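K.L.:
Have a look at this one before I ask anything.
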Amino acid sequence: MKICVSIDSEEYTILNVEKVVSDDEAVTKLLTNYDCSGLSLEIEKQDDSTRITLSNAHYFIVAQVFDMPANQFATIWWHAYDGVDFKIENSHTSLDDAIKALNTYVNEQWIADEHYDVEYYDEGDSSATANNRNDCEMLKIIDLKEVA
């Protein structure tokens with residue numbers, strides 16, 4: 001089993017997550033879930049994932065397909081503006097551990113760096129957003145048992 005995470009250029013702070021069994025199924029779901037008329041499709045195999053890009057000059061959908069993490073709660077990191085990228089930052093067996101790890105990340109990576117403005121985050125939240133004036137970075141804890 002795999003997970004497909006995706007964003008589009010209009011609502012890049014909203015992370016879409018779906019379970020898939022293959023890269024082909026991920027492409028099919030993207031084509032079904034988004035209006036893809038007039039978009040070109042590019043599929044790029046990477047070391048441990050597959051990147052899927054649907055785009056034209058004015059709009060994009062970018063997705064990444066990863067192997068399903070072993071633990072129930074996965075923290076997904078992504079960024080938009082200066083390109084788009086995704087990674088599974090970590091995974092945990094409990095929501096409390098995932099929230100603690102997210103809090104540590106926010107404090108050590110963003111708050112400690114004067115170039116970041118942390119937005120939409122209070123300690124204990126399950127998501128966070130930061131902006132470094134060139135890029136917008138987001139974190140979100142996903143309960144993989146609730147992903148369709």
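Note on naming: chains are A, B, ... as they come in the structure tokens, residues start from 1 per chain, ligands start from 1 in the order shown.
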Within 9 Å of region 9-22 of chain A, counting only C-alpha atoms, which residues qualify if same-chain residues fewer than 2 places away don't, as number ranges by chain?
P.N.:
A: 1-7, 24-27, 29, 58-63, 65, 68, 76, 78-81, 129, 136-138, 140, 142, 144, 147-148
K.L.:
Based on the backbone DSSP call, show me all residues of region 19-139 of chain A assigned strand (DSSP E), as a PyMOL selection string.
P.N.:
chain A and resi 19-20+40-45+49-55+60-67+73-80+85-92+117-119+127-131+136-139
K.L.:
If you run DSSP over the backbone, which residues in region 12-130 of chain A end up helix (DSSP H, G or I)? Put them as a count of residues only.
P.N.:
28
K.L.:
Given only C-alpha atoms as the basis, pick out the residue of A:Gln109, A:Asn132, A:Ser49, A:Asn56 nearest to Asp82 (chain A).
P.N.:
A:Asn132
K.L.:
Kindly indicate which residue among A:Asp135, A:Trp77, A:Ser37, A:Val84 lies nearest to Thr53 (chain A), using only C-alpha atoms for the distances.
P.N.:
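Result for the nearest residue to Thr53 (chain A): A:Val84.
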K.L.:
Report as a list in words all protein, DNA and RNA residues lying within 12 Å of Asn107 (chain A), evaluated on only C-alpha atoms, omitting residues in the same chain fewer than 4 positions from it.
P.N.:
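Final neighbour list, sorted by chain and number: Lys100, Ala101, Leu102, Asn103, Ile111, Ala112, Asp113, Glu114, Tyr116, Asp117, Val118, Tyr121, Asp122, Glu123, Ala128 and Ala130 of chain A.
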K.L.:
Would you save the residues from that selection as a short mmCIF file (atom, residue, chain, number, x, y, z; two decimals), in the first residue's frame, using N, CA and C atoms?
P.N.:
```
data_model
loop_
_atom_site.label_atom_id
_atom_site.label_comp_id
_atom_site.auth_asym_id
_atom_site.auth_seq_id
_atom_site.Cartn_x
_atom_site.Cartn_y
_atom_site.Cartn_z
N LYS A 100 4.32 16.08 19.53
CA LYS A 100 5.59 16.50 20.16
C LYS A 100 6.68 16.67 19.11
N ALA A 101 6.76 15.74 18.16
CA ALA A 101 7.78 15.83 17.10
C ALA A 101 7.52 17.06 16.21
N LEU A 102 6.26 17.34 15.90
CA LEU A 102 5.93 18.51 15.10
C LEU A 102 6.33 19.78 15.84
N ASN A 103 6.04 19.84 17.13
CA ASN A 103 6.40 20.99 17.94
C ASN A 103 7.92 21.19 17.95
N ILE A 111 11.21 28.47 14.16
CA ILE A 111 11.27 29.57 15.13
C ILE A 111 12.71 29.97 15.41
N ALA A 112 13.62 29.01 15.45
CA ALA A 112 15.03 29.30 15.71
C ALA A 112 15.70 30.03 14.53
N ASP A 113 15.09 30.00 13.36
CA ASP A 113 15.63 30.65 12.17
C ASP A 113 14.89 31.97 11.96
N GLU A 114 15.59 33.07 12.08
CA GLU A 114 14.96 34.39 11.98
C GLU A 114 14.37 34.69 10.60
N TYR A 116 12.19 32.83 9.10
CA TYR A 116 10.85 32.25 9.01
C TYR A 116 9.85 33.04 9.84
N ASP A 117 8.68 33.25 9.27
CA ASP A 117 7.53 33.77 10.00
C ASP A 117 6.59 32.58 10.17
N VAL A 118 6.42 32.13 11.41
CA VAL A 118 5.54 30.99 11.66
C VAL A 118 4.11 31.50 11.74
N TYR A 121 -0.03 28.41 13.78
CA TYR A 121 0.46 27.34 14.64
C TYR A 121 0.42 27.78 16.09
N ASP A 122 -0.12 26.91 16.92
CA ASP A 122 -0.02 27.03 18.36
C ASP A 122 0.49 25.69 18.87
N GLU A 123 1.31 25.71 19.91
CA GLU A 123 1.85 24.47 20.44
C GLU A 123 0.72 23.48 20.70
N ALA A 128 1.10 23.08 10.84
CA ALA A 128 1.80 24.36 10.99
C ALA A 128 2.18 24.88 9.62
N ALA A 130 4.77 28.01 7.78
CA ALA A 130 5.79 29.04 7.95
C ALA A 130 6.13 29.61 6.59
#
```
K.L.:
Hey, can you check how far CA of Cys36 (chain A) sits from CA of Asp67 (chain A)?
P.N.:
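Going from CA of Cys36 (chain A) over to CA of Asp67 (chain A) covers 24.9 Å.
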